[in-house]
>>> print(open('input15.csv').read())   # CSV, C-alpha atoms and all ligand atoms
chain,number,residue,atom,x,y,z
A,1,MET,CA,-17.3,-2.3,-21.6
A,2,LEU,CA,-15.6,0.9,-20.5
A,3,ASN,CA,-16.3,1.6,-16.9
A,4,PRO,CA,-15.2,5.2,-16.2
A,5,SER,CA,-14.9,4.5,-12.5
A,6,VAL,CA,-12.2,2.0,-13.1
A,7,ALA,CA,-8.7,3.2,-14.1
A,8,TYR,CA,-7.0,-0.2,-14.4
A,9,ALA,CA,-8.6,-3.6,-14.7
A,10,LEU,CA,-6.3,-6.7,-14.4
A,11,THR,CA,-7.4,-10.2,-15.3
A,12,ASP,CA,-5.1,-13.2,-14.8
A,13,VAL,CA,-2.1,-10.8,-15.0
A,14,GLY,CA,1.3,-12.5,-14.5
A,15,PHE,CA,4.7,-11.0,-14.6
A,16,THR,CA,8.0,-12.8,-14.8
A,17,TYR,CA,11.3,-11.0,-14.7
A,18,PRO,CA,13.5,-12.0,-17.7
A,19,GLY,CA,15.9,-14.8,-16.7
A,20,THR,CA,14.0,-15.8,-13.6
A,21,ALA,CA,12.0,-19.0,-13.1
A,22,GLY,CA,9.0,-18.0,-11.1
A,23,GLU,CA,6.3,-15.3,-11.5
A,24,ALA,CA,6.9,-12.2,-9.4
A,25,LEU,CA,3.2,-11.3,-9.8
A,26,SER,CA,0.1,-13.4,-10.4
A,27,ILE,CA,-3.1,-11.5,-10.1
A,28,ASN,CA,-6.5,-13.2,-10.9
A,29,ARG,CA,-8.6,-10.1,-10.7
A,30,LEU,CA,-8.0,-6.5,-9.6
A,31,ASP,CA,-9.6,-3.2,-10.3
A,32,ILE,CA,-7.9,0.1,-9.4
A,33,PRO,CA,-10.6,2.8,-9.0
A,34,ALA,CA,-10.2,6.0,-11.0
A,35,ASN,CA,-9.8,9.3,-9.1
A,36,ARG,CA,-9.4,7.5,-5.8
A,37,VAL,CA,-6.4,6.6,-3.6
A,38,THR,CA,-5.4,2.9,-3.7
A,39,VAL,CA,-2.6,1.7,-1.4
A,40,LEU,CA,-0.7,-1.5,-2.0
A,41,VAL,CA,0.6,-3.1,1.1
A,42,GLY,CA,2.5,-6.3,1.8
A,43,PRO,CA,5.8,-7.6,3.1
A,44,ASN,CA,9.2,-7.2,1.3
A,45,GLY,CA,9.3,-9.0,-2.0
A,46,SER,CA,5.5,-9.4,-2.2
A,47,GLY,CA,5.3,-7.7,-5.6
A,48,LYS,CA,4.3,-4.0,-4.8
A,49,SER,CA,7.1,-2.4,-6.9
A,50,THR,CA,6.5,-4.9,-9.7
A,51,LEU,CA,2.8,-4.1,-9.8
A,52,LEU,CA,3.6,-0.3,-9.7
A,53,GLY,CA,5.9,-0.9,-12.7
A,54,LEU,CA,3.0,-2.5,-14.6
A,55,LEU,CA,0.7,0.3,-13.7
A,56,ALA,CA,3.4,2.8,-14.8
A,57,PHE,CA,3.7,1.0,-18.1
A,58,LEU,CA,7.4,0.4,-17.6
A,59,HIS,CA,6.8,-3.2,-18.7
A,60,ALA,CA,3.9,-5.1,-20.1
A,61,PRO,CA,2.4,-8.2,-18.3
A,62,THR,CA,4.0,-11.5,-19.4
A,63,GLY,CA,0.5,-13.0,-19.2
A,64,GLY,CA,-3.2,-12.0,-18.9
A,65,GLU,CA,-4.9,-8.8,-19.7
A,66,LEU,CA,-4.3,-5.3,-18.4
A,67,LEU,CA,-6.9,-2.7,-19.3
A,68,TYR,CA,-6.2,1.0,-18.8
A,69,GLN,CA,-9.4,3.1,-19.1
A,70,GLY,CA,-11.0,0.2,-20.8
A,71,ALA,CA,-8.3,-0.3,-23.5
A,72,PRO,CA,-6.0,-3.2,-23.5
A,73,VAL,CA,-2.3,-2.3,-22.9
A,74,ASN,CA,0.2,-4.1,-25.0
A,75,GLY,CA,3.9,-3.8,-25.4
A,76,LYS,CA,3.8,-1.7,-28.6
A,77,ARG,CA,2.0,1.3,-27.1
A,78,LEU,CA,3.7,1.3,-23.7
A,79,ARG,CA,5.6,4.6,-24.4
A,80,ASP,CA,2.3,6.4,-25.2
A,81,TYR,CA,0.7,5.2,-22.1
A,82,ARG,CA,3.8,6.1,-20.0
A,83,ARG,CA,3.2,9.8,-20.7
A,84,ARG,CA,-0.2,9.6,-19.0
A,85,VAL,CA,1.2,8.6,-15.6
A,86,GLY,CA,3.8,9.8,-13.2
A,87,LEU,CA,5.8,7.3,-11.2
A,88,VAL,CA,7.9,8.4,-8.1
A,89,PRO,CA,10.2,5.4,-7.6
A,90,GLN,CA,11.7,4.3,-4.3
A,91,ASN,CA,15.2,5.6,-5.3
A,92,PRO,CA,14.5,8.4,-7.7
A,93,TYR,CA,17.2,9.3,-10.1
A,94,LEU,CA,18.2,13.0,-9.8
A,95,LEU,CA,20.2,14.9,-12.5
A,96,HIS,CA,23.5,16.6,-11.6
A,97,ASP,CA,21.7,19.9,-11.8
A,98,THR,CA,19.6,22.3,-9.7
A,99,VAL,CA,16.4,21.3,-8.0
A,100,ALA,CA,14.4,23.5,-10.4
A,101,ALA,CA,16.0,21.8,-13.5
A,102,ASN,CA,15.1,18.4,-12.0
A,103,VAL,CA,11.5,19.5,-11.5
A,104,GLU,CA,11.3,20.8,-15.0
A,105,LEU,CA,12.9,17.7,-16.6
A,106,GLY,CA,9.6,16.0,-17.8
A,107,LEU,CA,8.2,19.3,-19.1
A,108,LYS,CA,11.4,19.9,-21.1
A,109,LEU,CA,11.3,16.4,-22.5
A,110,ARG,CA,7.7,17.2,-23.6
A,111,GLY,CA,8.9,20.4,-25.4
A,112,THR,CA,7.1,22.8,-23.0
A,113,PRO,CA,8.6,26.3,-23.6
A,114,ALA,CA,11.1,27.5,-21.0
A,115,ALA,CA,9.0,30.4,-19.6
A,116,LYS,CA,6.0,28.1,-19.1
A,117,ARG,CA,8.2,25.4,-17.5
A,118,ARG,CA,9.5,27.9,-15.0
A,119,VAL,CA,6.0,29.1,-14.0
A,120,LEU,CA,4.6,25.5,-13.6
A,121,ALA,CA,7.7,24.3,-11.7
A,122,GLN,CA,7.7,27.3,-9.4
A,123,SER,CA,4.1,26.7,-8.5
A,124,VAL,CA,4.7,23.0,-7.6
A,125,MET,CA,7.9,23.8,-5.7
A,126,GLU,CA,5.9,26.3,-3.6
A,127,GLN,CA,3.2,23.8,-3.0
A,128,LEU,CA,5.9,21.4,-1.6
A,129,GLY,CA,8.0,24.0,0.2
A,130,LEU,CA,10.9,23.4,-2.2
A,131,ASP,CA,11.0,26.9,-3.7
A,132,ARG,CA,13.8,28.0,-1.2
A,133,LEU,CA,15.9,25.1,-2.6
A,134,ALA,CA,15.3,25.8,-6.3
A,135,ASP,CA,18.9,26.7,-7.1
A,136,ARG,CA,20.6,24.1,-4.9
A,137,PRO,CA,22.3,21.2,-6.6
A,138,ALA,CA,19.8,18.3,-6.3
A,139,ARG,CA,22.5,15.8,-5.6
A,140,ASP,CA,23.3,17.6,-2.3
A,141,LEU,CA,19.8,17.2,-0.9
A,142,SER,CA,18.9,14.8,1.9
A,143,GLY,CA,17.0,11.7,1.1
A,144,GLY,CA,13.7,13.2,2.1
A,145,GLU,CA,14.3,16.4,0.1
A,146,GLY,CA,15.3,14.3,-2.9
A,147,GLN,CA,12.0,12.4,-2.6
A,148,LYS,CA,10.2,15.6,-2.6
A,149,VAL,CA,11.9,16.7,-5.8
A,150,ALA,CA,10.8,13.5,-7.4
A,151,ILE,CA,7.3,14.1,-6.2
A,152,ALA,CA,7.4,17.6,-7.6
A,153,ARG,CA,8.7,16.3,-11.0
A,154,ALA,CA,5.7,13.9,-11.2
A,155,LEU,CA,3.1,16.5,-10.0
A,156,VAL,CA,4.2,19.2,-12.5
A,157,LEU,CA,3.2,17.0,-15.4
A,158,ASP,CA,-0.3,16.8,-14.0
A,159,PRO,CA,-0.7,13.1,-15.0
A,160,GLU,CA,-3.9,11.1,-15.0
A,161,VAL,CA,-2.3,8.8,-12.5
A,162,LEU,CA,0.3,9.3,-9.8
A,163,LEU,CA,2.2,6.3,-8.6
A,164,PHE,CA,4.3,6.5,-5.4
A,165,ASP,CA,6.6,3.6,-4.4
A,166,GLU,CA,7.1,3.7,-0.6
A,167,PRO,CA,6.8,7.4,-0.3
A,168,PHE,CA,7.3,7.2,3.5
A,169,THR,CA,10.7,5.6,3.3
A,170,TYR,CA,12.9,8.7,3.4
A,171,LEU,CA,10.4,11.3,4.6
A,172,ASP,CA,10.7,12.5,8.1
A,173,LYS,CA,7.6,13.0,10.3
A,174,SER,CA,6.9,16.6,9.2
A,175,ILE,CA,7.3,15.8,5.5
A,176,VAL,CA,5.1,12.7,5.9
A,177,ALA,CA,2.4,15.0,7.3
A,178,GLU,CA,2.8,17.4,4.3
A,179,PHE,CA,2.7,14.4,1.9
A,180,GLU,CA,-0.5,13.1,3.5
A,181,GLN,CA,-2.0,16.5,3.3
A,182,LEU,CA,-1.2,16.7,-0.4
A,183,VAL,CA,-2.7,13.2,-1.0
A,184,GLY,CA,-5.7,14.3,1.0
A,185,VAL,CA,-6.3,17.3,-1.2
A,186,ILE,CA,-6.0,15.3,-4.4
A,187,ARG,CA,-8.3,12.7,-2.8
A,188,GLU,CA,-10.9,15.3,-2.0
A,189,ASN,CA,-10.8,16.9,-5.5
A,190,ARG,CA,-11.2,13.4,-7.0
A,191,SER,CA,-9.0,14.8,-9.8
A,192,GLN,CA,-6.3,12.1,-10.1
A,193,THR,CA,-5.9,8.4,-9.6
A,194,ILE,CA,-3.3,7.7,-6.9
A,195,VAL,CA,-1.7,4.3,-6.3
A,196,MET,CA,1.1,4.0,-3.7
A,197,SER,CA,2.9,1.2,-1.9
A,198,SER,CA,3.6,1.1,1.7
A,199,HIS,CA,5.0,-1.2,4.4
A,200,ASP,CA,3.0,0.7,7.0
A,201,GLN,CA,-0.5,-0.9,6.7
A,202,LEU,CA,-2.3,1.1,9.3
A,203,ARG,CA,-0.9,4.5,8.2
A,204,ALA,CA,-1.6,3.6,4.6
A,205,SER,CA,-5.2,2.5,5.4
A,206,ALA,CA,-5.9,5.9,6.9
A,207,LEU,CA,-5.1,7.6,3.5
A,208,ALA,CA,-6.7,5.0,1.2
A,209,ASP,CA,-10.1,4.6,-0.5
A,210,LYS,CA,-8.9,1.0,-1.3
A,211,VAL,CA,-6.2,-1.1,0.3
A,212,VAL,CA,-4.8,-4.0,-1.8
A,213,THR,CA,-2.7,-6.5,0.2
A,214,LEU,CA,-0.1,-8.4,-1.8
A,215,PHE,CA,1.5,-11.6,-0.6
A,216,GLU,CA,3.9,-13.7,-2.6
A,217,GLY,CA,2.9,-11.9,-5.8
A,218,ARG,CA,-0.9,-12.5,-5.2
A,219,VAL,CA,-3.7,-10.4,-3.9
A,220,ALA,CA,-4.4,-11.6,-0.3
A,221,PRO,CA,-8.0,-12.0,0.9
A,222,SER,CA,-7.4,-9.9,4.0
A,223,SER,CA,-4.9,-7.4,5.3
A,224,LEU,CA,-1.9,-9.0,7.0
A,225,ILE,CA,-2.0,-7.0,10.2
A,226,ASN,CA,-2.9,-10.3,12.1
A,227,HIS,CA,-1.2,-12.9,9.9
A,228,PHE,CA,-0.3,-16.4,11.2
A,229,GLN,CA,1.5,-19.3,9.6
A,230,GLY,CA,0.4,-22.9,10.1
A,231,GLN,CA,-1.8,-25.5,8.6
A,232,VAL,CA,-5.5,-26.4,8.3
A,233,ASP,CA,-6.9,-29.3,10.3
A,234,GLN,CA,-10.0,-29.8,8.3
A,235,ALA,CA,-11.6,-32.4,10.5
A,236,ALA,CA,-11.3,-30.2,13.6
A,237,GLN,CA,-12.1,-27.0,11.7
A,238,LEU,CA,-9.0,-25.5,13.1
A,239,PHE,CA,-6.0,-23.6,11.8
A,240,ARG,CA,-3.0,-24.7,13.9
A,241,THR,CA,-0.1,-22.4,14.3
A,242,ASN,CA,2.7,-23.8,16.4
A,243,LYS,CA,1.3,-21.7,19.3
A,244,ILE,CA,-2.5,-21.6,19.1
A,245,ASN,CA,-5.4,-23.2,17.4
A,246,ILE,CA,-7.8,-20.9,15.6
A,247,ALA,CA,-11.4,-21.9,14.7
A,248,ILE,CA,-12.0,-21.4,11.0
A,249,PRO,CA,-15.0,-21.5,8.7
A,250,GLU,CA,-16.3,-25.0,7.9
A,251,GLU,CA,-15.6,-24.9,4.2
A,252,THR,CA,-11.9,-24.1,4.6
A,253,SER,CA,-9.9,-26.9,3.1
A,254,ALA,CA,-6.2,-25.8,2.8
A,255,GLY,CA,-3.8,-22.9,3.2
A,256,ALA,CA,-0.6,-22.2,5.1
A,257,HIS,CA,-1.6,-18.6,6.1
A,258,ALA,CA,-4.5,-17.2,8.2
A,259,ALA,CA,-5.4,-13.6,8.7
A,260,VAL,CA,-7.9,-11.7,10.8
A,261,GLU,CA,-8.7,-8.0,10.3
A,262,ALA,CA,-7.8,-5.8,13.3
A,263,ASN,CA,-11.3,-4.4,13.5
A,264,GLN,CA,-12.9,-7.9,13.7
A,265,ILE,CA,-11.3,-8.6,17.0
A,266,VAL,CA,-13.2,-7.8,20.3
A,267,LEU,CA,-11.4,-7.2,23.6
A,268,SER,CA,-12.9,-8.0,26.9
A,269,ARG,CA,-11.9,-8.3,30.6
A,270,GLN,CA,-13.7,-11.6,30.9
A,271,THR,CA,-14.2,-14.3,28.3
A,272,LEU,CA,-17.4,-13.3,26.4
A,273,ASP,CA,-20.3,-15.6,26.4
A,274,SER,CA,-21.1,-15.2,22.7
A,275,SER,CA,-21.3,-17.1,19.4
A,276,MET,CA,-17.7,-16.2,18.7
A,277,ARG,CA,-15.6,-19.4,18.6
A,278,ASN,CA,-12.1,-17.9,19.1
A,279,HIS,CA,-11.1,-16.7,22.6
A,280,PHE,CA,-7.5,-16.2,23.6
A,281,ILE,CA,-6.4,-14.8,27.0
A,282,GLY,CA,-3.3,-12.7,26.9
A,283,ARG,CA,-1.6,-9.5,28.1
A,284,ILE,CA,-1.4,-6.0,26.6
A,285,THR,CA,2.1,-5.3,25.3
A,286,SER,CA,1.6,-2.0,23.6
A,287,LEU,CA,-1.0,0.8,23.2
A,288,HIS,CA,-0.7,3.6,20.7
A,289,GLU,CA,-2.9,6.1,18.9
A,290,GLN,CA,-3.3,5.5,15.2
A,291,GLY,CA,-5.5,7.7,13.0
A,292,GLY,CA,-8.0,8.5,15.8
A,293,LEU,CA,-8.2,4.9,17.0
A,294,VAL,CA,-6.1,3.0,19.5
A,295,ASN,CA,-3.9,0.2,18.3
A,296,VAL,CA,-3.7,-2.4,21.1
A,297,THR,CA,-1.2,-5.3,20.8
A,298,VAL,CA,-2.0,-8.3,22.9
A,299,GLN,CA,0.4,-11.3,23.3
A,300,ALA,CA,-2.0,-14.2,23.6
A,301,GLY,CA,0.1,-17.1,22.3
A,302,GLU,CA,0.4,-15.2,19.0
A,303,ASN,CA,0.6,-11.4,18.9
A,304,PHE,CA,-2.8,-9.8,18.0
A,305,GLN,CA,-3.3,-6.2,16.9
A,306,VAL,CA,-6.7,-4.8,17.7
A,307,LEU,CA,-8.1,-1.4,16.7
A,308,ILE,CA,-10.6,0.2,19.1
A,309,THR,CA,-11.9,3.6,19.8
A,310,ARG,CA,-10.6,5.7,22.7
A,311,ALA,CA,-14.1,5.5,24.3
A,312,ALA,CA,-14.0,1.7,24.1
A,313,LEU,CA,-10.5,1.6,25.7
A,314,ARG,CA,-11.8,3.9,28.5
A,315,ASP,CA,-14.8,1.6,29.1
A,316,LEU,CA,-12.5,-1.4,29.3
A,317,ASP,CA,-10.3,0.4,31.7
A,318,CYS,CA,-7.2,-1.5,30.6
A,319,HIS,CA,-3.6,-0.6,30.7
A,320,LEU,CA,-0.2,-1.9,29.6
A,321,GLY,CA,0.5,-5.3,31.1
A,322,ASP,CA,-3.2,-6.1,32.0
A,323,GLU,CA,-4.7,-9.4,31.3
A,324,ILE,CA,-7.3,-9.3,28.5
A,325,THR,CA,-9.2,-11.7,26.2
A,326,VAL,CA,-9.2,-11.3,22.4
A,327,SER,CA,-12.3,-12.9,20.7
A,328,PHE,CA,-13.3,-13.2,17.1
A,329,LYS,CA,-15.7,-15.2,14.9
A,330,SER,CA,-14.4,-18.1,12.9
A,331,SER,CA,-15.9,-16.4,9.8
A,332,ALA,CA,-13.5,-13.5,10.4
A,333,VAL,CA,-10.6,-15.8,9.7
A,334,LYS,CA,-9.4,-15.8,6.1
A,335,VAL,CA,-7.2,-18.8,5.2
A,336,PHE,CA,-5.0,-18.7,2.0
A,401,LIG,N1,14.6,-6.6,-11.5
A,401,LIG,C1,14.3,-7.8,-11.0
A,401,LIG,N2,14.8,-9.0,-11.5
A,401,LIG,C2,14.4,-10.2,-11.0
A,401,LIG,N3,13.6,-10.3,-10.0
A,401,LIG,C3,13.1,-9.2,-9.4
A,401,LIG,C4,13.4,-7.9,-9.9
A,401,LIG,N4,12.8,-7.0,-9.1
A,401,LIG,C5,12.1,-7.7,-8.2
A,401,LIG,N5,12.3,-9.0,-8.4
A,401,LIG,C6,11.6,-10.1,-7.6
A,401,LIG,O1,10.2,-10.0,-7.7
A,401,LIG,C7,9.6,-10.3,-6.5
A,401,LIG,C8,8.7,-9.0,-6.1
A,401,LIG,O2,9.6,-7.9,-5.9
A,401,LIG,P1,9.1,-6.5,-5.7
A,401,LIG,O3,10.3,-5.6,-5.7
A,401,LIG,O4,8.0,-6.2,-6.6
A,401,LIG,O5,8.4,-6.6,-4.2
A,401,LIG,P2,8.1,-5.4,-3.2
A,401,LIG,O6,6.8,-5.8,-2.6
A,401,LIG,O7,8.1,-4.1,-3.9
A,401,LIG,O8,9.2,-5.5,-2.2
A,401,LIG,P3,9.9,-4.3,-1.2
A,401,LIG,O9,8.9,-4.0,-0.2
A,401,LIG,O10,11.1,-5.0,-0.7
A,401,LIG,O11,10.2,-3.1,-2.1
A,401,LIG,C9,10.6,-10.6,-5.5
A,401,LIG,O12,10.8,-12.0,-5.4
A,401,LIG,C10,11.9,-10.0,-6.1
A,401,LIG,O13,13.0,-10.7,-5.7
>>> encode(input="input15.csv", output="structure tokens")
Amino acid sequence: MLNPSVAYALTDVGFTYPGTAGEALSINRLDIPANRVTVLVGPNGSGKSTLLGLLAFLHAPTGGELLYQGAPVNGKRLRDYRRRVGLVPQNPYLLHDTVAANVELGLKLRGTPAAKRRVLAQSVMEQLGLDRLADRPARDLSGGEGQKVAIARALVLDPEVLLFDEPFTYLDKSIVAEFEQLVGVIRENRSQTIVMSSHDQLRASALADKVVTLFEGRVAPSSLINHFQGQVDQAAQLFRTNKINIAIPEETSAGAHAAVEANQIVLSRQTLDSSMRNHFIGRITSLHEQGGLVNVTVQAGENFQVLITRAALRDLDCHLGDEITVSFKSSAVKVF
């Protein structure tokens, strides 16, 4: 049944690049909410660009079912669907022409009259601070400016979905702030579906209504901010990395990866007397502000990243290099 709050629904979706042996993507179940911001995070090669390619209808899944607004997407109608979304790729292709001509490109291909094209492009260029560059050859632009042109080219078509592949890669700090503002406005208006990929999990989380973590082509059960490799010792109910042993939920049987959300970890000066089964004593190796919270890195055998409020940090009265205990429940550990 059509659920208007879901833009894309994926069931058992697989994708294999032609001529390759293994699946680049294998997703059991994933909904992308409509008119919300979804961020895809995950390490290099985890499948973010491949998934964006499916959501942009560049290619059809090689297995499973992809529904867009409740309708199944198949190879035949990909071109029609493609017109409804705007993809800004990691390395956008720019024409040997002016910035304005590049921004107008999609409109031109759709047969929009020249006068209307100019008005629409002008408005988007102003919004992105590109208007002063309108007559410059696009090929002479910096990486960040080129990325902005590609963003403008997608925005000007007013698509139902905007897809951004690693928008932070080339953007310098001030442009990132502008981009975040733009996404914030679209998010508040609830007028378009946005899906973007990012390496920067914490920055992306601050922008997102939903964060999807990909790992080896699959959707991971947790973010990978605290991600450890090792193996399960089921008898001892432990996940053993080669540095520490982490208490895990009873029912866990196998998995070579364990992850704990940064906000599930508690910091304390002394080891807490609590029901939490995981306690590791370590030292603070970095402290920095992140989206109104403080990101504390603790080296306690493994590196742990913990997000706490500024008030909590003040109460703890801890500083760089101090000894500190990280604690979390076994139920906070996701093994996969
Ligand atoms: N055109 C292609 N042909 C064959 N294999 C590909 C192709 N593009 C990607 N792959 C493979 O598919 C897997 C997923 O790659 P993808 O580019 O989707 O990951 P990603 O998460 O976007 O990575 P990155 O963060 O490095 O951009 C990788 O194993 C990659 O080598």
>>> closest_residue(input="input15.csv", among="A:Gly75, A:Pro159, A:Gly106, A:Pro167", to="ligand LIG 401 (chain A)", atoms="all atoms listed in the file")
A:Pro167
>>> residues_around(input="input15.csv", residues="Thr193 of chain A", least_positions_apart="2", cutoff="12 Å", atoms="all atoms listed in the file", output="number ranges by chain")
A: 4-8, 32-39, 55, 68-69, 84-87, 158-164, 183, 186-191, 195-196, 208-210
>>> residues_near_ligand(input="input15.csv", ligand="ligand LIG 401 (chain A)", cutoff="9 Å", atoms="only C-alpha atoms and all ligand atoms", output="ChimeraX atom specification")
/A:15-20,22-25,40-53,90,165-166,197-199,214-217
>>> closest_residue(input="input15.csv", among="A:Asp131, A:His59, A:Val99, A:Ala177", to="Lys76 of chain A", atoms="all atoms listed in the file")
A:His59
>>> closest_residue(input="input15.csv", among="A:Val212, A:Leu109, A:Leu224, A:Leu202", to="Glu261 of chain A", atoms="only C-alpha atoms")
A:Leu224
>>> residues_around(input="input15.csv", residues="segment 102-105 of chain A", least_positions_apart="3", cutoff="8 Å", atoms="all atoms listed in the file", output="list of chain:residue names")
A:Leu94, A:Leu95, A:Asp97, A:Thr98, A:Val99, A:Lys108, A:Leu109, A:Arg117, A:Arg118, A:Ala121, A:Ala138, A:Val149, A:Ala150, A:Ala152, A:Arg153, A:Val156
>>> atom_distance(input="input15.csv", atom1="atom CA of Ala134 of chain A", atom2="atom CA of Gly184 of chain A")
25.0 Å
>>> closest_atom_pairs(input="input15.csv", of="segment 161-270 of chain A", to="segment 320-323 of chain A", cutoff="12 Å", atoms="all atoms listed in the file", output="tab-separated table")
residue	atom	partner	partner_atom	distance
A:Leu267	CA	A:Glu323	CA	10.4
A:Ser268	CA	A:Glu323	CA	9.4
A:Arg269	CA	A:Glu323	CA	7.3
A:Gln270	CA	A:Glu323	CA	9.3
>>> closest_residue(input="input15.csv", among="A:Gln127, A:Gln192, A:Ser327, A:Thr252", to="Glu178 of chain A", atoms="all atoms listed in the file")
A:Gln127
>>> closest_residue(input="input15.csv", among="A:Ser286, A:Asn74, A:Ser253, A:Gln305", to="His227 of chain A", atoms="all atoms listed in the file")
A:Gln305
>>> atom_distance(input="input15.csv", atom1="atom CA of Val185 of chain A", atom2="atom CA of Gln147 of chain A")
19.0 Å
>>> closest_atom_pairs(input="input15.csv", of="segment 254-317 of chain A", to="segment 244-248 of chain A", cutoff="12 Å", atoms="all atoms listed in the file", output="JSON lines")
{"residue": "A:Ala254", "atom": "CA", "partner": "A:Ile248", "partner_atom": "CA", "distance": 11.0}
{"residue": "A:Gly255", "atom": "CA", "partner": "A:Ile248", "partner_atom": "CA", "distance": 11.4}
{"residue": "A:His257", "atom": "CA", "partner": "A:Ile246", "partner_atom": "CA", "distance": 11.6}
{"residue": "A:Ala258", "atom": "CA", "partner": "A:Ile246", "partner_atom": "CA", "distance": 8.9}
{"residue": "A:Ala259", "atom": "CA", "partner": "A:Ile246", "partner_atom": "CA", "distance": 10.3}
{"residue": "A:Val260", "atom": "CA", "partner": "A:Ile246", "partner_atom": "CA", "distance": 10.4}
{"residue": "A:Ser275", "atom": "CA", "partner": "A:Ala247", "partner_atom": "CA", "distance": 12.0}
{"residue": "A:Met276", "atom": "CA", "partner": "A:Ala247", "partner_atom": "CA", "distance": 9.4}
{"residue": "A:Arg277", "atom": "CA", "partner": "A:Ala247", "partner_atom": "CA", "distance": 6.3}
{"residue": "A:Asn278", "atom": "CA", "partner": "A:Ala247", "partner_atom": "CA", "distance": 6.0}
{"residue": "A:His279", "atom": "CA", "partner": "A:Ile246", "partner_atom": "CA", "distance": 8.8}
{"residue": "A:Phe280", "atom": "CA", "partner": "A:Ile244", "partner_atom": "CA", "distance": 8.6}
{"residue": "A:Ile281", "atom": "CA", "partner": "A:Ile244", "partner_atom": "CA", "distance": 11.1}
{"residue": "A:Gly282", "atom": "CA", "partner": "A:Ile244", "partner_atom": "CA", "distance": 11.9}
{"residue": "A:Gln299", "atom": "CA", "partner": "A:Ile244", "partner_atom": "CA", "distance": 11.5}
{"residue": "A:Ala300", "atom": "CA", "partner": "A:Ile244", "partner_atom": "CA", "distance": 8.7}
{"residue": "A:Gly301", "atom": "CA", "partner": "A:Ile244", "partner_atom": "CA", "distance": 6.1}
{"residue": "A:Glu302", "atom": "CA", "partner": "A:Ile244", "partner_atom": "CA", "distance": 7.0}
{"residue": "A:Asn303", "atom": "CA", "partner": "A:Ile244", "partner_atom": "CA", "distance": 10.7}
{"residue": "A:Phe304", "atom": "CA", "partner": "A:Ile244", "partner_atom": "CA", "distance": 11.9}
>>> atom_distance(input="input15.csv", atom1="atom CA of His96 of chain A", atom2="atom CA of Met125 of chain A")
18.2 Å
>>> closest_residue(input="input15.csv", among="A:Leu238, A:Val124, A:Ala56, A:Val13", to="Ser331 of chain A", atoms="all atoms listed in the file")
A:Leu238
